[in-house]
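Peer 1: If it helps, the file is called entry_9.pdb and holds PDB, C-alpha atoms and all ligand atoms:
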```pdb
MODEL        1
ATOM      1  CA  MET A   1       0.000   0.000   0.000  1.00  0.00           C
ATOM      2  CA  SER A   2       2.932   2.312  -0.587  1.00  0.00           C
ATOM      3  CA  LYS A   3       0.943   4.528  -2.949  1.00  0.00           C
ATOM      4  CA  MET A   4      -1.359   5.180   0.013  1.00  0.00           C
ATOM      5  CA  SER A   5       1.532   6.790   1.903  1.00  0.00           C
ATOM      6  CA  ARG A   6       0.475  10.203   0.673  1.00  0.00           C
ATOM      7  CA  TYR A   7      -2.555   9.868   2.925  1.00  0.00           C
ATOM      8  CA  ASN A   8      -0.327   9.732   6.003  1.00  0.00           C
ATOM      9  CA  ILE A   9      -0.824  12.612   8.394  1.00  0.00           C
ATOM     10  CA  ALA A  10       2.297  13.166  10.496  1.00  0.00           C
ATOM     11  CA  PHE A  11       0.708  14.437  13.681  1.00  0.00           C
ATOM     12  CA  LYS A  12       3.718  14.188  16.003  1.00  0.00           C
ATOM     13  CA  GLY A  13       5.331  17.381  14.840  1.00  0.00           C
ATOM     14  CA  LEU A  14       2.120  19.421  14.804  1.00  0.00           C
ATOM     15  CA  SER A  15       1.512  22.132  17.339  1.00  0.00           C
ATOM     16  CA  GLN A  16      -1.554  21.928  19.555  1.00  0.00           C
ATOM     17  CA  GLY A  17      -4.671  23.357  17.932  1.00  0.00           C
ATOM     18  CA  LYS A  18      -6.388  22.956  14.575  1.00  0.00           C
ATOM     19  CA  HIS A  19      -4.787  21.907  11.305  1.00  0.00           C
ATOM     20  CA  GLU A  20      -6.442  21.341   7.930  1.00  0.00           C
ATOM     21  CA  PHE A  21      -5.672  18.757   5.265  1.00  0.00           C
ATOM     22  CA  LEU A  22      -7.381  18.584   1.901  1.00  0.00           C
ATOM     23  CA  TYR A  23      -7.499  15.440  -0.217  1.00  0.00           C
ATOM     24  CA  GLU A  24      -8.987  15.016  -3.689  1.00  0.00           C
ATOM     25  CA  LEU A  25     -10.106  11.420  -4.228  1.00  0.00           C
ATOM     26  CA  ASP A  26     -10.397  10.098  -7.774  1.00  0.00           C
ATOM     27  CA  LYS A  27     -10.222   6.907  -9.812  1.00  0.00           C
ATOM     28  CA  SER A  28      -6.694   6.084  -8.664  1.00  0.00           C
ATOM     29  CA  PHE A  29      -7.814   6.247  -5.027  1.00  0.00           C
ATOM     30  CA  PHE A  30     -11.005   4.157  -5.358  1.00  0.00           C
ATOM     31  CA  GLY A  31      -9.269   1.685  -7.676  1.00  0.00           C
ATOM     32  CA  ALA A  32      -6.879   0.779  -4.865  1.00  0.00           C
ATOM     33  CA  PHE A  33      -9.703  -0.807  -2.850  1.00  0.00           C
ATOM     34  CA  GLU A  34     -10.768  -4.303  -3.858  1.00  0.00           C
ATOM     35  CA  ASN A  35     -14.465  -4.860  -4.611  1.00  0.00           C
ATOM     36  CA  SER A  36     -15.154  -1.154  -4.247  1.00  0.00           C
ATOM     37  CA  ILE A  37     -18.697  -0.134  -5.226  1.00  0.00           C
ATOM     38  CA  VAL A  38     -17.183   3.180  -6.260  1.00  0.00           C
ATOM     39  CA  GLU A  39     -14.702   2.870  -9.107  1.00  0.00           C
ATOM     40  CA  ASP A  40     -14.527   6.494 -10.108  1.00  0.00           C
ATOM     41  CA  GLY A  41     -15.389   9.824  -8.589  1.00  0.00           C
ATOM     42  CA  GLN A  42     -14.370  13.330  -7.717  1.00  0.00           C
ATOM     43  CA  VAL A  43     -14.586  13.716  -3.980  1.00  0.00           C
ATOM     44  CA  SER A  44     -13.019  16.383  -1.808  1.00  0.00           C
ATOM     45  CA  VAL A  45     -12.253  15.447   1.769  1.00  0.00           C
ATOM     46  CA  ASN A  46     -11.389  18.306   4.058  1.00  0.00           C
ATOM     47  CA  ILE A  47      -9.912  17.027   7.302  1.00  0.00           C
ATOM     48  CA  VAL A  48      -9.772  19.273  10.330  1.00  0.00           C
ATOM     49  CA  LEU A  49      -7.425  17.811  12.903  1.00  0.00           C
ATOM     50  CA  GLU A  50      -7.438  19.236  16.385  1.00  0.00           C
ATOM     51  CA  LYS A  51      -4.426  18.267  18.407  1.00  0.00           C
ATOM     52  CA  GLN A  52      -4.999  18.250  22.128  1.00  0.00           C
ATOM     53  CA  SER A  53      -2.527  17.335  24.874  1.00  0.00           C
ATOM     54  CA  ALA A  54      -3.620  13.677  25.138  1.00  0.00           C
ATOM     55  CA  LEU A  55      -5.635  12.975  21.988  1.00  0.00           C
ATOM     56  CA  LEU A  56      -6.496  13.989  18.434  1.00  0.00           C
ATOM     57  CA  VAL A  57      -9.947  14.892  17.132  1.00  0.00           C
ATOM     58  CA  LEU A  58     -10.440  14.563  13.372  1.00  0.00           C
ATOM     59  CA  TRP A  59     -13.423  15.867  11.449  1.00  0.00           C
ATOM     60  CA  PHE A  60     -13.906  14.601   7.877  1.00  0.00           C
ATOM     61  CA  TYR A  61     -15.989  16.839   5.597  1.00  0.00           C
ATOM     62  CA  ILE A  62     -16.877  14.923   2.438  1.00  0.00           C
ATOM     63  CA  ASP A  63     -18.266  16.543  -0.683  1.00  0.00           C
ATOM     64  CA  GLY A  64     -18.364  15.473  -4.320  1.00  0.00           C
ATOM     65  CA  THR A  65     -19.763  12.951  -6.758  1.00  0.00           C
ATOM     66  CA  VAL A  66     -19.087   9.264  -7.218  1.00  0.00           C
ATOM     67  CA  ASN A  67     -19.731   7.175 -10.303  1.00  0.00           C
ATOM     68  CA  ILE A  68     -21.687   4.046  -9.383  1.00  0.00           C
ATOM     69  CA  GLN A  69     -23.834   1.455 -11.174  1.00  0.00           C
ATOM     70  CA  CYS A  70     -27.604   1.892 -11.193  1.00  0.00           C
ATOM     71  CA  ASP A  71     -29.349  -1.129  -9.636  1.00  0.00           C
ATOM     72  CA  ARG A  72     -32.320  -0.675 -12.006  1.00  0.00           C
ATOM     73  CA  CYS A  73     -30.789  -0.155 -15.470  1.00  0.00           C
ATOM     74  CA  LEU A  74     -27.131  -1.141 -14.819  1.00  0.00           C
ATOM     75  CA  GLU A  75     -25.787   2.077 -16.371  1.00  0.00           C
ATOM     76  CA  LEU A  76     -23.215   4.129 -14.479  1.00  0.00           C
ATOM     77  CA  PHE A  77     -24.369   7.448 -13.075  1.00  0.00           C
ATOM     78  CA  ASP A  78     -23.009  10.283 -10.951  1.00  0.00           C
ATOM     79  CA  GLN A  79     -24.263  10.221  -7.391  1.00  0.00           C
ATOM     80  CA  PRO A  80     -23.679  13.422  -5.395  1.00  0.00           C
ATOM     81  CA  ILE A  81     -22.516  12.699  -1.852  1.00  0.00           C
ATOM     82  CA  SER A  82     -21.733  14.694   1.230  1.00  0.00           C
ATOM     83  CA  GLY A  83     -20.958  13.735   4.789  1.00  0.00           C
ATOM     84  CA  LYS A  84     -19.453  14.789   8.062  1.00  0.00           C
ATOM     85  CA  ASN A  85     -17.719  12.265  10.299  1.00  0.00           C
ATOM     86  CA  ARG A  86     -15.630  12.479  13.442  1.00  0.00           C
ATOM     87  CA  ILE A  87     -13.044  10.201  14.936  1.00  0.00           C
ATOM     88  CA  ILE A  88     -10.967  10.501  18.065  1.00  0.00           C
ATOM     89  CA  VAL A  89      -7.426   9.144  18.203  1.00  0.00           C
ATOM     90  CA  LYS A  90      -6.174   8.039  21.596  1.00  0.00           C
ATOM     91  CA  PHE A  91      -2.751   6.741  22.548  1.00  0.00           C
ATOM     92  CA  GLY A  92      -1.903   3.644  24.519  1.00  0.00           C
ATOM     93  CA  GLU A  93      -3.713   0.397  25.316  1.00  0.00           C
ATOM     94  CA  GLU A  94      -7.096  -0.110  23.692  1.00  0.00           C
ATOM     95  CA  ASN A  95     -10.075   0.401  25.974  1.00  0.00           C
ATOM     96  CA  LEU A  96     -13.073  -1.533  24.623  1.00  0.00           C
ATOM     97  CA  ASP A  97     -15.545   0.659  26.489  1.00  0.00           C
ATOM     98  CA  ASP A  98     -14.865   3.462  24.058  1.00  0.00           C
ATOM     99  CA  GLY A  99     -17.276   4.086  21.196  1.00  0.00           C
ATOM    100  CA  ASP A 100     -16.932   3.172  17.527  1.00  0.00           C
ATOM    101  CA  ASP A 101     -15.451   6.546  16.733  1.00  0.00           C
ATOM    102  CA  VAL A 102     -12.322   6.025  18.844  1.00  0.00           C
ATOM    103  CA  ILE A 103      -9.119   4.720  17.303  1.00  0.00           C
ATOM    104  CA  TRP A 104      -6.282   3.579  19.523  1.00  0.00           C
ATOM    105  CA  VAL A 105      -2.721   3.937  18.320  1.00  0.00           C
ATOM    106  CA  SER A 106       0.619   3.164  19.891  1.00  0.00           C
ATOM    107  CA  VAL A 107       2.292   5.918  21.891  1.00  0.00           C
ATOM    108  CA  ASN A 108       5.244   5.461  19.519  1.00  0.00           C
ATOM    109  CA  ASP A 109       3.199   6.219  16.381  1.00  0.00           C
ATOM    110  CA  TYR A 110       3.950   9.540  14.751  1.00  0.00           C
ATOM    111  CA  GLN A 111       1.606   9.395  11.765  1.00  0.00           C
ATOM    112  CA  LEU A 112      -1.913   8.266  10.907  1.00  0.00           C
ATOM    113  CA  ASN A 113      -2.983   6.906   7.524  1.00  0.00           C
ATOM    114  CA  VAL A 114      -6.439   8.235   6.696  1.00  0.00           C
ATOM    115  CA  ALA A 115      -7.008   6.363   3.381  1.00  0.00           C
ATOM    116  CA  GLN A 116      -9.153   3.558   4.854  1.00  0.00           C
ATOM    117  CA  LEU A 117     -11.123   6.052   6.965  1.00  0.00           C
ATOM    118  CA  MET A 118     -11.881   8.264   3.955  1.00  0.00           C
ATOM    119  CA  TYR A 119     -12.933   5.211   1.929  1.00  0.00           C
ATOM    120  CA  GLU A 120     -15.294   4.058   4.695  1.00  0.00           C
ATOM    121  CA  PHE A 121     -16.809   7.506   5.159  1.00  0.00           C
ATOM    122  CA  VAL A 122     -17.423   7.828   1.391  1.00  0.00           C
ATOM    123  CA  SER A 123     -19.118   4.396   1.455  1.00  0.00           C
ATOM    124  CA  LEU A 124     -21.259   5.502   4.412  1.00  0.00           C
ATOM    125  CA  ALA A 125     -22.328   8.609   2.483  1.00  0.00           C
ATOM    126  CA  LEU A 126     -23.826   6.493  -0.345  1.00  0.00           C
ATOM    127  CA  PRO A 127     -27.618   6.101  -0.381  1.00  0.00           C
ATOM    128  CA  ILE A 128     -28.903   2.586   0.388  1.00  0.00           C
ATOM    129  CA  ARG A 129     -30.473   2.216  -3.084  1.00  0.00           C
ATOM    130  CA  HIS A 130     -28.240   2.994  -6.036  1.00  0.00           C
ATOM    131  CA  VAL A 131     -30.601   4.277  -8.713  1.00  0.00           C
ATOM    132  CA  HIS A 132     -30.581   7.227 -11.089  1.00  0.00           C
ATOM    133  CA  PRO A 133     -32.064  10.190  -9.243  1.00  0.00           C
ATOM    134  CA  ASP A 134     -35.443  11.296 -10.720  1.00  0.00           C
ATOM    135  CA  ASN A 135     -35.425  14.454 -12.823  1.00  0.00           C
ATOM    136  CA  GLU A 136     -37.179  17.671 -11.728  1.00  0.00           C
ATOM    137  CA  ASN A 137     -40.514  16.308 -13.034  1.00  0.00           C
ATOM    138  CA  GLY A 138     -40.201  13.258 -10.812  1.00  0.00           C
ATOM    139  CA  LYS A 139     -39.560  11.000 -13.813  1.00  0.00           C
ATOM    140  CA  SER A 140     -36.978   8.234 -13.861  1.00  0.00           C
ATOM    141  CA  VAL A 141     -33.923   9.039 -15.957  1.00  0.00           C
ATOM    142  CA  CYS A 142     -32.848   5.392 -16.243  1.00  0.00           C
ATOM    143  CA  ASP A 143     -31.701   4.416 -19.742  1.00  0.00           C
ATOM    144  CA  PRO A 144     -35.024   3.388 -21.412  1.00  0.00           C
ATOM    145  CA  GLU A 145     -33.288   1.170 -24.006  1.00  0.00           C
ATOM    146  CA  MET A 146     -31.532  -0.770 -21.260  1.00  0.00           C
ATOM    147  CA  ILE A 147     -34.761  -1.127 -19.270  1.00  0.00           C
ATOM    148  CA  ASP A 148     -36.428  -2.467 -22.467  1.00  0.00           C
ATOM    149  CA  LYS A 149     -33.609  -4.948 -23.000  1.00  0.00           C
ATOM    150  CA  LEU A 150     -33.802  -6.147 -19.406  1.00  0.00           C
ATOM    151  CA  ASN A 151     -37.609  -6.492 -19.692  1.00  0.00           C
ATOM    152  CA  ASN A 152     -37.220  -8.418 -22.961  1.00  0.00           C
ATOM    153  CA  LEU A 153     -34.808 -10.783 -21.264  1.00  0.00           C
ATOM    154  CA  ASN A 154     -37.509 -11.558 -18.724  1.00  0.00           C
ATOM    155  CA  VAL A 155     -40.136 -11.976 -21.469  1.00  0.00           C
ATOM    156  CA  SER A 156     -38.008 -14.385 -23.530  1.00  0.00           C
ATOM    157  CA  LYS A 157     -37.435 -16.416 -20.390  1.00  0.00           C
ATOM    158  CA  ASN A 158     -41.204 -16.712 -20.001  1.00  0.00           C
ATOM    159  CA  ASP A 159     -41.533 -17.657 -23.684  1.00  0.00           C
ATOM    160  CA  GLU A 160     -39.126 -20.543 -23.183  1.00  0.00           C
ATOM    161  CA  GLU A 161     -41.229 -21.807 -20.316  1.00  0.00           C
ATOM    162  CA  ASP A 162     -44.317 -21.610 -22.551  1.00  0.00           C
ATOM    163  CA  ILE A 163     -42.549 -23.632 -25.256  1.00  0.00           C
ATOM    164  CA  THR A 164     -41.605 -26.286 -22.739  1.00  0.00           C
ATOM    165  CA  ASP A 165     -45.174 -26.364 -21.549  1.00  0.00           C
ATOM    166  CA  SER A 166     -46.577 -26.769 -25.082  1.00  0.00           C
ATOM    167  CA  ARG A 167     -44.112 -29.593 -25.754  1.00  0.00           C
ATOM    168  CA  TRP A 168     -45.489 -31.383 -22.750  1.00  0.00           C
ATOM    169  CA  ASP A 169     -48.942 -30.752 -24.144  1.00  0.00           C
ATOM    170  CA  GLY A 170     -47.899 -32.418 -27.409  1.00  0.00           C
ATOM    171  CA  LEU A 171     -46.510 -35.398 -25.569  1.00  0.00           C
ATOM    172  CA  LYS A 172     -49.678 -35.611 -23.545  1.00  0.00           C
ATOM    173  CA  LYS A 173     -51.699 -35.640 -26.757  1.00  0.00           C
ATOM    174  CA  LEU A 174     -49.558 -38.467 -28.146  1.00  0.00           C
ATOM    175  CA  LEU A 175     -50.027 -40.439 -24.960  1.00  0.00           C
ATOM    176  CA  ASP A 176     -53.766 -39.735 -25.005  1.00  0.00           C
ATOM    177  CA  ASN A 177     -53.989 -40.979 -28.603  1.00  0.00           C
ATOM    178  CA  GLU A 178     -52.398 -44.298 -27.779  1.00  0.00           C
TER     179      GLU A 178
HETATM  180 ZN    ZN A 201     -30.855   3.712 -13.944  1.00  0.00          ZN
ENDMDL
END
```
Could you take the file, read its structure, and then write that structure out as structure tokens?
Peer 2:
Amino acid sequence: MSKMSRYNIAFKGLSQGKHEFLYELDKSFFGAFENSIVEDGQVSVNIVLEKQSALLVLWFYIDGTVNIQCDRCLELFDQPISGKNRIIVKFGEENLDDGDDVIWVSVNDYQLNVAQLMYEFVSLALPIRHVHPDNENGKSVCDPEMIDKLNNLNVSKNDEEDITDSRWDGLKKLLDNE
């Protein structure tokens, strides 16, 4: 994961207080994750890191569009996303009583890689259903040709079943004639 090293934030040398980091995520970023729903996109992640005496607080502000496949017509479309997520970085031995948003790192660590976190927060920002958003008239903008093709596939499947059924009918007739 060496090409992910540019997402390392070296926090050790930072002064106490707030620091900002801006990352632009694109195809090369999403392509690095196996089985990613998102293969392409233009997403800005603005990270505000607040260094306190004993811990770090990181806010992730996500804004952009991702290119994902429509569940209905299978065409790719641009899905706008935005999100705001917070994590807290603590140092030392992990304490399981802490919430999901706490990450424990060794007291010897001097940098934090935020690639996996950004990927997870982008995934969380996706809607549950991946379909083309309706246009301003409330109409579906799914590719009508593709929808037709998919419907035809279903129809021809039904036709095959009908053929099988009629063959059985023929056989039945033969048997009846005997
Ligand atoms: Zn669609």
Peer 1: May I have a table of the residues of chain A lying at most 8 Å from ligand ZN 201 (chain A), giving each one's closest pair of atoms and their distance in Å to one decimal, counting all atoms listed in the file, ordered by chain and ascending residue number, as JSON lines?
Peer 2:
```
{"residue": "A:Gln69", "atom": "CA", "partner": "A:ZN201", "partner_atom": "ZN", "distance": 7.9}
{"residue": "A:Cys70", "atom": "CA", "partner": "A:ZN201", "partner_atom": "ZN", "distance": 4.6}
{"residue": "A:Asp71", "atom": "CA", "partner": "A:ZN201", "partner_atom": "ZN", "distance": 6.7}
{"residue": "A:Arg72", "atom": "CA", "partner": "A:ZN201", "partner_atom": "ZN", "distance": 5.0}
{"residue": "A:Cys73", "atom": "CA", "partner": "A:ZN201", "partner_atom": "ZN", "distance": 4.2}
{"residue": "A:Leu74", "atom": "CA", "partner": "A:ZN201", "partner_atom": "ZN", "distance": 6.2}
{"residue": "A:Glu75", "atom": "CA", "partner": "A:ZN201", "partner_atom": "ZN", "distance": 5.9}
{"residue": "A:Leu76", "atom": "CA", "partner": "A:ZN201", "partner_atom": "ZN", "distance": 7.7}
{"residue": "A:Phe77", "atom": "CA", "partner": "A:ZN201", "partner_atom": "ZN", "distance": 7.5}
{"residue": "A:Val131", "atom": "CA", "partner": "A:ZN201", "partner_atom": "ZN", "distance": 5.3}
{"residue": "A:His132", "atom": "CA", "partner": "A:ZN201", "partner_atom": "ZN", "distance": 4.5}
{"residue": "A:Ser140", "atom": "CA", "partner": "A:ZN201", "partner_atom": "ZN", "distance": 7.6}
{"residue": "A:Val141", "atom": "CA", "partner": "A:ZN201", "partner_atom": "ZN", "distance": 6.5}
{"residue": "A:Cys142", "atom": "CA", "partner": "A:ZN201", "partner_atom": "ZN", "distance": 3.5}
{"residue": "A:Asp143", "atom": "CA", "partner": "A:ZN201", "partner_atom": "ZN", "distance": 5.9}
```
Peer 1: Got time to write the residues from that selection, C-alpha atoms, as a compact mmCIF listing (two decimals), in the coordinates of the input?
Peer 2:
```
# COMPACT_ATOMS: atom_id res chain seq x y z
CA GLN A 69 -23.83 1.46 -11.17
CA CYS A 70 -27.60 1.89 -11.19
CA ASP A 71 -29.35 -1.13 -9.64
CA ARG A 72 -32.32 -0.68 -12.01
CA CYS A 73 -30.79 -0.16 -15.47
CA LEU A 74 -27.13 -1.14 -14.82
CA GLU A 75 -25.79 2.08 -16.37
CA LEU A 76 -23.22 4.13 -14.48
CA PHE A 77 -24.37 7.45 -13.08
CA VAL A 131 -30.60 4.28 -8.71
CA HIS A 132 -30.58 7.23 -11.09
CA SER A 140 -36.98 8.23 -13.86
CA VAL A 141 -33.92 9.04 -15.96
CA CYS A 142 -32.85 5.39 -16.24
CA ASP A 143 -31.70 4.42 -19.74
```
Peer 1: Could you work out an axis-aligned bounding box for all listed atoms of region 10-26 of chain A, with 8 Å added on each of the six sides, and give its centre and edge lengths in Å to one decimal, as JSON?
Peer 2:
```
{"center_x": -2.5, "center_y": 16.7, "center_z": 5.9, "size_x": 31.7, "size_y": 29.3, "size_z": 43.3}
```
Peer 1: Between A:Leu126, A:Ile62, A:Leu49, A:Ile81, which is the closest to Ala10 (chain A) once you count only C-alpha atoms?
Peer 2: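 The shortest atom-to-atom distance to Ala10 (chain A) comes from A:Leu49.
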Peer 1: Gln42 (chain A): which residues within 9 Å, counting all atoms listed in the file, same-chain residues fewer than 4 positions away excluded, as number ranges by chain?
Peer 2: A: 24-27, 63-67
Peer 1: Would you mind reading off the distance between CA of Ser53 (chain A) and CA of Trp104 (chain A), one decimal, in Å?
Peer 2: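 Here the two named atoms are 15.2 Å from each other.
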Peer 1: Need to verify the contact set: Tyr61 (chain A), 7 Å, only C-alpha atoms, exclusion of same-chain residues closer than 6 positions in sequence. Can you return it as an mmCIF file with C-alpha atoms, in the frame of the given file?
Peer 2:
```cif
data_model
loop_
_atom_site.group_PDB
_atom_site.id
_atom_site.type_symbol
_atom_site.label_atom_id
_atom_site.label_comp_id
_atom_site.auth_asym_id
_atom_site.auth_seq_id
_atom_site.Cartn_x
_atom_site.Cartn_y
_atom_site.Cartn_z
ATOM 1 C CA VAL A 45 -12.253 15.447 1.769
ATOM 2 C CA ASN A 46 -11.389 18.306 4.058
ATOM 3 C CA ILE A 47 -9.912 17.027 7.302
ATOM 4 C CA GLY A 83 -20.958 13.735 4.789
ATOM 5 C CA LYS A 84 -19.453 14.789 8.062
ATOM 6 C CA ASN A 85 -17.719 12.265 10.299
#
```
Peer 1: Work out how far apart CA of Ile87 (chain A) and CA of Val122 (chain A) are and give it in Å to one decimal.
Peer 2: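 Straight-line distance from CA of Ile87 (chain A) to CA of Val122 (chain A) works out to 14.4 Å.
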Peer 1: At a cut-off of 12 Å, using only C-alpha atoms, what residues contact Arg6 (chain A)? Leave out same-chain residues fewer than 6 positions from it and give the result as a PyMOL selection string.
Peer 2: chain A and resi 21-25+29+111-115
Peer 1: Store the residues picked out above in a file with C-alpha atoms, as a compact mmCIF listing (two decimals), in the coordinates of the input.
Peer 2:
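Dumped everything to again_36.txt:
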```
# COMPACT_ATOMS: atom_id res chain seq x y z
CA PHE A 21 -5.67 18.76 5.26
CA LEU A 22 -7.38 18.58 1.90
CA TYR A 23 -7.50 15.44 -0.22
CA GLU A 24 -8.99 15.02 -3.69
CA LEU A 25 -10.11 11.42 -4.23
CA PHE A 29 -7.81 6.25 -5.03
CA GLN A 111 1.61 9.40 11.76
CA LEU A 112 -1.91 8.27 10.91
CA ASN A 113 -2.98 6.91 7.52
CA VAL A 114 -6.44 8.24 6.70
CA ALA A 115 -7.01 6.36 3.38
```
Peer 1: Just give me the gap between CA of Phe11 (chain A) and CA of Tyr110 (chain A) in Å, one decimal is fine.
Peer 2: 6.0 Å
